[in-house]
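In what follows, a structure is listed as structure tokens, so that the remarks can point back to it.
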Amino acid sequence: MKIYVGSLNPSKLTAVTDVFENDTVVEMDVDSKVSSQPFSDEETLEGAIHRARECAMTAKADLGIGLEGGVMEIGDDLYLCNWGALVDQQENIYTAAGARIPLPDEIHEQMSKGLELGEVMEKYAQKSDVRKKEGAVGIFTNGQMNRDKMFRHIVTLLKGQWEYDNL
Ligand SMILES: O=P(O)(O)OP(=O)(O)OP(=O)(O)OC[C@H]1O[C@@H](n2cnc3c(O)ncnc32)[C@H](O)[C@@H]1O
Ligand SMILES: [Mg+2]
């Protein structure tokens, strides 16, 4: 199969390539049509679906996959959240979410001012390109988890649901 992924972020591409190891995975720069920093589960999921839909519309695609990172508030706490969507040629939409961990208050404050998590994390961790590498999830789990492993989990959930219906 030919699978289009709606992102140029290497951590997302690695995740899809690992899960669909016998397929051809193609990256594609698409618009999530939500804010660059989604601030709720709903908005993050919506971004993932938009990306997947646009990929699936490409004539050559068998499946389109969208992965979106965001944050969401529960009470006074801000949590990292991640969503994925898979759209097939029949326009069926499969969705799945990834792990959630709370972010430090300091990060919450910065983000409430309108900053994106990617830039906040670079300053916080004194590292460049955190979003393309271990991610916030990697920093705050002492490297036990990382962004591509987390997306791999989501992509596995998407692939499995699609297989259940189609194989
Ligand atoms: O190129 P795209 O695919 O858009 O990849 P991205 O890194 O911008 O990722 P998202 O759009 O999915 O995430 C929305 C924002 O949240 C940031 N973000 C999400 N999860 C993150 C993480 O684990 N570590 C650092 N930044 C993260 C990201 O950098 C964006 O500013
Ligand atoms: Mg982005």
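FYI, nothing fancy with the structure tokens labels: chains A, B, ... in order, residues from 1 per chain, ligands from 1 as they appear.
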>> As a quick test: using only C-alpha atoms and all ligand atoms, which residues lie no more than 9 Å away from ligand 2? Give them as JSON, numbers by chain.
In response: {"A": [7, 9, 31, 32, 35, 36, 37, 68, 69, 118]}
Can you spit out the residues from that selection as a short mmCIF file (atom, residue, chain, number, x, y, z; two decimals), in the first residue's frame, using N, CA and C atoms?
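As written to disk, part21.cif reads:
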```cif
data_model
loop_
_atom_site.label_atom_id
_atom_site.label_comp_id
_atom_site.auth_asym_id
_atom_site.auth_seq_id
_atom_site.Cartn_x
_atom_site.Cartn_y
_atom_site.Cartn_z
N SER A 7 2.66 15.30 7.41
CA SER A 7 3.63 16.04 8.22
C SER A 7 5.02 15.83 7.66
N ASN A 9 7.44 16.25 9.96
CA ASN A 9 8.16 16.05 11.23
C ASN A 9 8.70 14.61 11.30
N ASP A 31 -2.14 21.17 5.61
CA ASP A 31 -2.62 22.13 6.60
C ASP A 31 -3.52 21.41 7.61
N SER A 32 -3.26 21.61 8.90
CA SER A 32 -4.11 20.95 9.91
C SER A 32 -5.45 21.69 10.06
N SER A 35 -5.42 25.69 15.02
CA SER A 35 -4.30 26.55 15.39
C SER A 35 -3.02 25.73 15.48
N SER A 36 -1.89 26.42 15.31
CA SER A 36 -0.63 25.67 15.30
C SER A 36 -0.37 25.04 16.68
N GLN A 37 -1.03 25.58 17.70
CA GLN A 37 -0.96 24.93 19.01
C GLN A 37 -2.38 24.59 19.49
N GLU A 68 -1.37 14.63 15.31
CA GLU A 68 -1.38 16.01 15.81
C GLU A 68 -1.04 16.00 17.30
N GLY A 69 -0.16 16.92 17.68
CA GLY A 69 0.18 17.08 19.09
C GLY A 69 -0.54 18.29 19.64
N GLY A 118 6.43 23.67 21.33
CA GLY A 118 7.74 23.44 20.72
C GLY A 118 8.76 24.47 21.14
#
```
> Which residues in chain A does DSSP call strand (DSSP E or B)? List them as JSON, numbers by chain.
Replying inline: {"A": [2, 3, 4, 5, 24, 25, 26, 27, 63, 64, 65, 66, 67, 68, 69, 70, 71, 72, 73, 74, 77, 78, 79, 80, 81, 82, 83, 84, 85, 86, 87, 88, 93, 94, 95, 96, 97, 101, 102]}
Polymer residues at most 7 Å from Thr44 of chain A, only C-alpha atoms, same-chain spacing of 4 or more positions, as a PDB file with N, CA and C atoms, in the first residue's frame:
```
ATOM      1  N   PRO A  38      -2.864  23.410  19.138  1.00  0.00           N
ATOM      2  CA  PRO A  38      -4.188  23.010  19.621  1.00  0.00           C
ATOM      3  C   PRO A  38      -4.232  22.988  21.156  1.00  0.00           C
ATOM      4  N   SER A  40      -7.035  21.729  23.090  1.00  0.00           N
ATOM      5  CA  SER A  40      -8.044  20.821  23.668  1.00  0.00           C
ATOM      6  C   SER A  40      -7.966  19.493  22.926  1.00  0.00           C
ATOM      7  N   ALA A  48      -5.790  16.308  13.452  1.00  0.00           N
ATOM      8  CA  ALA A  48      -5.345  14.997  12.943  1.00  0.00           C
ATOM      9  C   ALA A  48      -6.248  14.544  11.798  1.00  0.00           C
ATOM     10  N   GLU A  68      -1.367  14.632  15.315  1.00  0.00           N
ATOM     11  CA  GLU A  68      -1.375  16.007  15.812  1.00  0.00           C
ATOM     12  C   GLU A  68      -1.039  16.004  17.300  1.00  0.00           C
ATOM     13  N   GLY A  69      -0.164  16.919  17.679  1.00  0.00           N
ATOM     14  CA  GLY A  69       0.181  17.083  19.086  1.00  0.00           C
ATOM     15  C   GLY A  69      -0.538  18.292  19.645  1.00  0.00           C
ATOM     16  N   GLY A  70      -0.961  18.219  20.871  1.00  0.00           N
ATOM     17  CA  GLY A  70      -1.625  19.359  21.479  1.00  0.00           C
ATOM     18  C   GLY A  70      -1.532  19.303  22.990  1.00  0.00           C
ATOM     19  N   ASN A  82      -2.131  13.801  22.421  1.00  0.00           N
ATOM     20  CA  ASN A  82      -1.779  13.512  21.040  1.00  0.00           C
ATOM     21  C   ASN A  82      -2.872  12.681  20.399  1.00  0.00           C
ATOM     22  N   TRP A  83      -3.208  13.003  19.166  1.00  0.00           N
ATOM     23  CA  TRP A  83      -4.258  12.279  18.458  1.00  0.00           C
ATOM     24  C   TRP A  83      -3.791  11.888  17.067  1.00  0.00           C
TER      25      TRP A  83
END
```
>> Could you pull out the helix (DSSP H, G or I) residues of segment 37-74 of chain A, going by DSSP on the backbone, and write them as a ChimeraX atom specification?
In response: /A:41-56
Write to file, as an mmCIF file, in the first residue's frame, the residues of the selection just made, with N, CA and C atoms.
```cif
data_model
loop_
_atom_site.group_PDB
_atom_site.id
_atom_site.type_symbol
_atom_site.label_atom_id
_atom_site.label_comp_id
_atom_site.auth_asym_id
_atom_site.auth_seq_id
_atom_site.Cartn_x
_atom_site.Cartn_y
_atom_site.Cartn_z
ATOM 1 N N ASP A 41 -8.578 18.472 23.505
ATOM 2 C CA ASP A 41 -8.655 17.182 22.806
ATOM 3 C C ASP A 41 -9.368 17.359 21.469
ATOM 4 N N GLU A 42 -10.488 18.094 21.510
ATOM 5 C CA GLU A 42 -11.310 18.250 20.302
ATOM 6 C C GLU A 42 -10.502 18.880 19.160
ATOM 7 N N GLU A 43 -9.792 19.968 19.507
ATOM 8 C CA GLU A 43 -9.046 20.673 18.459
ATOM 9 C C GLU A 43 -7.883 19.819 17.938
ATOM 10 N N THR A 44 -7.249 19.088 18.832
ATOM 11 C CA THR A 44 -6.113 18.248 18.439
ATOM 12 C C THR A 44 -6.599 17.123 17.516
ATOM 13 N N LEU A 45 -7.713 16.508 17.893
ATOM 14 C CA LEU A 45 -8.299 15.450 17.066
ATOM 15 C C LEU A 45 -8.714 15.998 15.696
ATOM 16 N N GLU A 46 -9.321 17.158 15.712
ATOM 17 C CA GLU A 46 -9.753 17.785 14.462
ATOM 18 C C GLU A 46 -8.561 18.007 13.517
ATOM 19 N N GLY A 47 -7.461 18.467 14.085
ATOM 20 C CA GLY A 47 -6.243 18.692 13.288
ATOM 21 C C GLY A 47 -5.758 17.387 12.664
ATOM 22 N N ALA A 48 -5.790 16.308 13.452
ATOM 23 C CA ALA A 48 -5.345 14.997 12.943
ATOM 24 C C ALA A 48 -6.248 14.544 11.798
ATOM 25 N N ILE A 49 -7.550 14.721 11.953
ATOM 26 C CA ILE A 49 -8.500 14.294 10.912
ATOM 27 C C ILE A 49 -8.302 15.118 9.632
ATOM 28 N N HIS A 50 -8.149 16.429 9.778
ATOM 29 C CA HIS A 50 -7.935 17.267 8.590
ATOM 30 C C HIS A 50 -6.694 16.823 7.828
ATOM 31 N N ARG A 51 -5.630 16.573 8.570
ATOM 32 C CA ARG A 51 -4.386 16.136 7.913
ATOM 33 C C ARG A 51 -4.603 14.814 7.184
ATOM 34 N N ALA A 52 -5.259 13.860 7.853
ATOM 35 C CA ALA A 52 -5.465 12.527 7.251
ATOM 36 C C ALA A 52 -6.350 12.615 6.010
ATOM 37 N N ARG A 53 -7.398 13.431 6.091
ATOM 38 C CA ARG A 53 -8.321 13.588 4.953
ATOM 39 C C ARG A 53 -7.611 14.133 3.735
ATOM 40 N N GLU A 54 -6.805 15.176 3.975
ATOM 41 C CA GLU A 54 -6.106 15.789 2.846
ATOM 42 C C GLU A 54 -5.143 14.785 2.196
ATOM 43 N N CYS A 55 -4.490 13.989 3.021
ATOM 44 C CA CYS A 55 -3.574 12.966 2.487
ATOM 45 C C CYS A 55 -4.341 11.919 1.694
ATOM 46 N N ALA A 56 -5.482 11.493 2.227
ATOM 47 C CA ALA A 56 -6.264 10.431 1.572
ATOM 48 C C ALA A 56 -6.827 10.902 0.234
#
```
>> So that I can see what lies close to Asp148 of chain A, please list as a VMD selection string the residues with an atom at most 8 Å from it, counting only C-alpha atoms and leaving out residues fewer than 5 positions away in the same chain.
In response: chain A and resid 11 to 12 14 to 15 133 to 134
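Between ligand 1 and the candidates A:Ala136, A:Ala85, A:Leu115, A:Met72, the tightest atom-to-atom separation, counting only C-alpha atoms and all ligand atoms, involves A:Ala136.
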>> I need the residue nearest Asp88 of chain A from this list: A:Met145, A:Val120, A:Met57, A:Leu67. Use only C-alpha atoms for the distance.
In response: A:Met57
> Between A:Asn22, A:Gln161, A:Thr141, A:Thr156, which has the minimum distance to ligand 1 (counting only C-alpha atoms and all ligand atoms)?
Replying inline: A:Thr141
> Pick the closest to Asp129 of chain A from A:Gln110, A:Met1, A:Val87, A:Pro10: which is it, counting only C-alpha atoms?
Replying inline: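 Of A:Gln110, A:Met1, A:Val87, A:Pro10, the one nearest Asp129 of chain A is A:Pro10, counting only C-alpha atoms.
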> Which residues, written as a PyMOL selection string, have at least one atom at most 9 Å from Leu158 of chain A, with only C-alpha atoms counted and residues fewer than 3 positions away on the same chain left out?
Replying inline: chain A and resi 65+84-86+94-96+153-155+161-163
Selection to disk with C-alpha atoms, as a short mmCIF file (atom, residue, chain, number, x, y, z; two decimals), in the first residue's frame:
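Done, and the output landed in out-v5.cif:
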```
data_model
loop_
_atom_site.label_atom_id
_atom_site.label_comp_id
_atom_site.auth_asym_id
_atom_site.auth_seq_id
_atom_site.Cartn_x
_atom_site.Cartn_y
_atom_site.Cartn_z
CA ILE A 65 -2.62 9.41 8.20
CA GLY A 84 -4.09 10.36 15.22
CA ALA A 85 -6.49 9.72 12.35
CA LEU A 86 -6.45 7.30 9.43
CA TYR A 94 -10.36 5.78 12.25
CA THR A 95 -9.11 7.70 15.30
CA ALA A 96 -6.89 7.03 18.32
CA HIS A 153 1.49 3.52 19.72
CA ILE A 154 -1.17 5.73 18.14
CA VAL A 155 -0.40 4.50 14.61
CA GLN A 161 -8.75 -0.76 13.85
CA TRP A 162 -8.51 -0.45 10.07
CA GLU A 163 -7.37 -4.10 9.78
#
```
> Which one of A:Val25, A:Leu63, A:Leu157, A:Val130 sits closest to ligand 1 if you count only C-alpha atoms and all ligand atoms?
Replying inline: A:Val130
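The space separating atom CA of Lys127 of chain A from atom CA of Gly143 of chain A comes to 13.8 Å.
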> For ligand 1, which of A:Ile107, A:Cys81, A:Leu167, A:Ile74 is the closest residue, counting only C-alpha atoms and all ligand atoms?
Replying inline: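 The answer is A:Cys81, which sits nearest to ligand 1.
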> atom 11 (O, counted along the ligand's line) of ligand 1 and atom CA of Lys113 of chain A are how many Å apart?
Replying inline: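 These two atoms are separated by 17.9 Å.
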>> Using Å and a single decimal, report how far atom 11 (O, counted along the ligand's line) of ligand 1 sits from atom CA of Gly135 of chain A.
In response: 11.8 Å
